[in-house]
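Accompanying notes for the structure given below.
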Amino acid sequence: MAPIISVQNLTKTYSNGFEALKGINLDVEKGEILALLGPNGAGKTTLISIICGIANPSGGQVLVAGHDVVKDFRATRSMIGLVPQELTTDQFETVFNTVSFSRGLHGKKANPAHIEKVLRALSLWDKKDNMLRQLSGGMKRRVLIAKALSHEPEILFLDEPTAGVDVTLRKDMWNVVEQLRASGVTIILTTHYIEEAEEIADRVGVINGGQLLLVEDKAALMAKLGRKQLILDLTEPLSRLPDCFAGNGLTLEADGCRLTYDFDADNEQESIATLLTRLAENNIHFKDLSTRQSSLEDIFVALVGAAK
Ligand SMILES: Nc1ncnc2c1ncn2[C@@H]1O[C@H](COP(=O)(O)OP(=O)(O)OP(=O)(O)O)[C@@H](O)[C@H]1O
Ligand SMILES: [Mg+2]
């Protein structure tokens, strides 16, 4: 099946000469959830803005459901919901009207029942008659999400949707995302909360300095780059590691009370069993054993650090 979004050799140079995107290639499949990770200034918002048709590319092409986002702006924009990073809302309008109006802007017929459903899902229903200026920051962010969902988009972009919001909104939001995923909506989100990406994404893209360093299935990425460690707390401190253990991934911590072992996830059973037997043979005993696995955050930090 053709990808629902196809980004080809996309570049963006801002009017001051700054090169924010340096040749991005990315395909997004219908119905998937893609998380874009990257440090401040990496180019995430720039990329999203171009796909949504609200910023112009300098080179390359973006197709949404086969339509060019520049030449066919109306067709592509109506398929897309965008929750922008920055709060920009009309302060003197009510919540209900703002969200309802947004639906109209995308050329859809009024549908109060749909607007009610969206507002209820985001716990905004009891605020529907409030003016936006009467809402807290987190509630305004909920309104942005409601606006993006007002016209029942097939593709939803969430640009830092949970920055600075409380636990309840996060939960509401991830519930909404789950429901949307179930109904086949394609979702692209950026976040600085890596555990969010780890929790929810099917694929993860890492962007840095205007380049896409990788895009990969989340589970495959974790398996490939994830590191596993076995930690053994020893009964008696060791002054040094016997020579027969040199060079096999085993390290004695400075205080001599702990051994750490980096192991390969593929054949862990065998190698750990062998190691434990050899330790016993060398009269090294432990009182506690635990394992640690590197998280997506460790992987991200390592990748972005290496690219500098
Ligand atoms: N209008 C503009 N003119 C010139 N440079 C810009 C403009 N907008 C963004 N930039 C620059 O382009 C780069 C990418 O910005 P962008 O907003 O896409 O980053 P981001 O990955 O979304 O970062 P953040 O995590 O902080 O939201 C930054 O260096 C930024 O300063
Ligand atoms: Mg941004």
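Letters A, B, ... go to the chains of the structure tokens in the order shown; residues in each chain start at 1; ligands are counted from 1 in the same order.
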Problem - Neighbour list for Cys244 (chain A) as number ranges by chain, cut-off 12 Å, only C-alpha atoms, skip fewer than 6 positions in-chain - result: A: 250, 275, 278-279, 281-282
Exercise for the section: Please identify the residues whose atoms come within 9 Å of ligand 2, using only C-alpha atoms and all ligand atoms, and report them as a list of chain:residue names. Expected result: A:Asn40, A:Gly41, A:Ala42, A:Gly43, A:Lys44, A:Thr45, A:Thr46, A:Ile48, A:Pro84, A:Gln85, A:Glu86, A:Asp159, A:Glu160, A:Thr190, A:Thr191
Next, the residues of the selection above should be written as a short mmCIF file (atom, residue, chain, number, x, y, z; two decimals), in the first residue's frame with N, CA and C atoms.
```cif
data_model
loop_
_atom_site.label_atom_id
_atom_site.label_comp_id
_atom_site.auth_asym_id
_atom_site.auth_seq_id
_atom_site.Cartn_x
_atom_site.Cartn_y
_atom_site.Cartn_z
N ASN A 40 15.89 20.48 21.19
CA ASN A 40 15.37 21.79 20.79
C ASN A 40 16.11 22.27 19.54
N GLY A 41 15.34 22.75 18.57
CA GLY A 41 15.95 23.31 17.36
C GLY A 41 16.31 22.26 16.32
N ALA A 42 15.93 21.00 16.54
CA ALA A 42 16.30 19.92 15.61
C ALA A 42 15.63 20.06 14.25
N GLY A 43 14.43 20.66 14.22
CA GLY A 43 13.70 20.80 12.97
C GLY A 43 12.34 20.11 12.96
N LYS A 44 11.90 19.65 14.12
CA LYS A 44 10.64 18.89 14.20
C LYS A 44 9.43 19.74 13.79
N THR A 45 9.33 20.94 14.39
CA THR A 45 8.18 21.80 14.08
C THR A 45 8.23 22.26 12.62
N THR A 46 9.42 22.52 12.13
CA THR A 46 9.58 22.92 10.72
C THR A 46 9.06 21.81 9.81
N ILE A 48 6.93 19.37 10.49
CA ILE A 48 5.47 19.23 10.64
C ILE A 48 4.76 20.37 9.91
N PRO A 84 -0.82 22.52 17.42
CA PRO A 84 0.46 23.24 17.33
C PRO A 84 1.16 23.34 18.68
N GLN A 85 2.46 23.58 18.59
CA GLN A 85 3.27 23.70 19.81
C GLN A 85 2.94 24.98 20.57
N GLU A 86 2.69 26.05 19.80
CA GLU A 86 2.43 27.34 20.43
C GLU A 86 0.93 27.54 20.64
N ASP A 159 2.23 18.33 18.12
CA ASP A 159 3.57 18.91 18.32
C ASP A 159 3.73 19.28 19.79
N GLU A 160 4.43 18.45 20.52
CA GLU A 160 4.64 18.64 21.96
C GLU A 160 3.32 18.82 22.70
N THR A 190 5.48 14.76 18.32
CA THR A 190 6.82 15.06 18.81
C THR A 190 6.68 15.16 20.32
N THR A 191 7.71 14.78 20.99
CA THR A 191 7.66 14.87 22.45
C THR A 191 9.07 14.92 23.01
#
```
Exercise for the section: Go through A:His114, A:Lys228, A:Lys108, A:Lys30 and flag the residue nearest Ile187 (chain A), using only C-alpha atoms for the distances. Expected result: A:Lys30
Problem - Picked from region 60-209 of chain A by DSSP as helix (DSSP H, G or I), as a ChimeraX atom specification - result: /A:73-79,95-105,112-121,125-127,132-134,137-149,167-182,194-200
Practice task
Just list the residues in region 107-157 of chain A DSSP gives strand (DSSP E or B) on the backbone, as an NGL selection string.
Solution key: :A and (131 or 155-157)
Problem - Distance filter 12 Å around ligand 1, atoms: only C-alpha atoms and all ligand atoms, out as a ChimeraX atom specification - result: /A:11-22,36-50,54-56,84-86,158-161,163,189-193,206-212
Handout entry: Counting only C-alpha atoms, the option among A:Leu122, A:Leu241, A:Leu213, A:Ala65 closest to Leu169 (chain A)
Key =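 Distance minimum relative to Leu169 (chain A) lands on A:Leu122.
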Exercise for the section: Tell me, as a list in words, which residues lie within 7 Å of Ala146 (chain A), counting only C-alpha atoms; anything in the same chain fewer than 3 positions away does not count. Expected result: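 Skipping anything fewer than 3 positions along the chain leaves Val99, Val118, Leu119, Arg142, Val143, Leu149 and Ser150 of chain A.
Of the listed residues (A:Ile155, A:Val64, A:Lys128, A:Leu234), A:Lys128 comes nearest to Pro112 (chain A); the distances count only C-alpha atoms.
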Exercise for the section: Find the spatial neighbours of Thr291 (chain A), counting only C-alpha atoms, within a cut-off of 12 Å - ignore same-chain residues fewer than 2 positions away - and output them as a ChimeraX atom specification. Expected result: /A:227-233,259-263,265,268,272,288-289,293-294
Write the residues you've just listed into a file as an mmCIF file, in the first residue's frame, and include N, CA and C atoms for each of them.
```cif
data_model
loop_
_atom_site.group_PDB
_atom_site.id
_atom_site.type_symbol
_atom_site.label_atom_id
_atom_site.label_comp_id
_atom_site.auth_asym_id
_atom_site.auth_seq_id
_atom_site.Cartn_x
_atom_site.Cartn_y
_atom_site.Cartn_z
ATOM 1 N N ARG A 227 20.883 -2.083 25.524
ATOM 2 C CA ARG A 227 21.960 -2.799 26.177
ATOM 3 C C ARG A 227 21.379 -3.480 27.407
ATOM 4 N N LYS A 228 21.804 -4.674 27.661
ATOM 5 C CA LYS A 228 21.331 -5.343 28.870
ATOM 6 C C LYS A 228 22.497 -5.548 29.805
ATOM 7 N N GLN A 229 22.214 -5.395 31.062
ATOM 8 C CA GLN A 229 23.271 -5.536 32.055
ATOM 9 C C GLN A 229 22.788 -6.415 33.200
ATOM 10 N N LEU A 230 23.682 -7.285 33.618
ATOM 11 C CA LEU A 230 23.404 -8.111 34.786
ATOM 12 C C LEU A 230 24.250 -7.543 35.930
ATOM 13 N N ILE A 231 23.626 -7.367 37.097
ATOM 14 C CA ILE A 231 24.343 -6.777 38.225
ATOM 15 C C ILE A 231 24.374 -7.782 39.371
ATOM 16 N N LEU A 232 25.572 -8.050 39.842
ATOM 17 C CA LEU A 232 25.734 -9.027 40.929
ATOM 18 C C LEU A 232 26.331 -8.330 42.144
ATOM 19 N N ASP A 233 25.607 -8.341 43.277
ATOM 20 C CA ASP A 233 26.148 -7.802 44.522
ATOM 21 C C ASP A 233 26.819 -8.946 45.274
ATOM 22 N N LEU A 259 29.690 -6.669 40.709
ATOM 23 C CA LEU A 259 30.134 -7.012 39.353
ATOM 24 C C LEU A 259 29.033 -6.639 38.374
ATOM 25 N N THR A 260 29.385 -6.022 37.259
ATOM 26 C CA THR A 260 28.375 -5.784 36.227
ATOM 27 C C THR A 260 28.808 -6.526 34.962
ATOM 28 N N TYR A 261 27.819 -7.043 34.281
ATOM 29 C CA TYR A 261 28.088 -7.863 33.108
ATOM 30 C C TYR A 261 27.204 -7.412 31.954
ATOM 31 N N ASP A 262 27.825 -6.920 30.866
ATOM 32 C CA ASP A 262 27.065 -6.528 29.672
ATOM 33 C C ASP A 262 26.831 -7.766 28.839
ATOM 34 N N PHE A 263 25.582 -8.067 28.583
ATOM 35 C CA PHE A 263 25.347 -9.297 27.842
ATOM 36 C C PHE A 263 24.480 -9.085 26.617
ATOM 37 N N ALA A 265 21.498 -9.826 24.278
ATOM 38 C CA ALA A 265 20.117 -10.272 24.477
ATOM 39 C C ALA A 265 19.796 -11.550 23.695
ATOM 40 N N GLU A 268 21.267 -14.805 25.796
ATOM 41 C CA GLU A 268 21.513 -14.480 27.190
ATOM 42 C C GLU A 268 21.536 -15.706 28.115
ATOM 43 N N ILE A 272 24.819 -16.298 30.433
ATOM 44 C CA ILE A 272 24.710 -15.996 31.858
ATOM 45 C C ILE A 272 24.919 -17.263 32.694
ATOM 46 N N ASP A 288 22.912 -10.941 45.776
ATOM 47 C CA ASP A 288 21.770 -10.385 45.049
ATOM 48 C C ASP A 288 22.110 -10.270 43.565
ATOM 49 N N LEU A 289 21.080 -10.483 42.744
ATOM 50 C CA LEU A 289 21.289 -10.442 41.297
ATOM 51 C C LEU A 289 20.159 -9.637 40.669
ATOM 52 N N GLN A 293 18.009 -2.840 31.738
ATOM 53 C CA GLN A 293 17.947 -2.760 30.285
ATOM 54 C C GLN A 293 17.925 -1.295 29.916
ATOM 55 N N SER A 294 18.682 -0.918 28.880
ATOM 56 C CA SER A 294 18.693 0.499 28.542
ATOM 57 C C SER A 294 17.344 0.886 27.954
#
```
Problem - Point-to-point distance in Å for CA of Val215 (chain A) and CA of Asp72 (chain A) - result: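 Here the two named atoms are 26.9 Å from each other.
Here the question is which of A:Pro242, A:Gly138, A:Gly205, A:Pro237 gets nearest to Cys257 (chain A) using only C-alpha atoms, and that residue is A:Pro237.
For the choices A:Asp166, A:Val95, A:Gly104, A:Met222, the atom-to-atom distance to Leu135 (chain A) is smallest for A:Val95 when using only C-alpha atoms.
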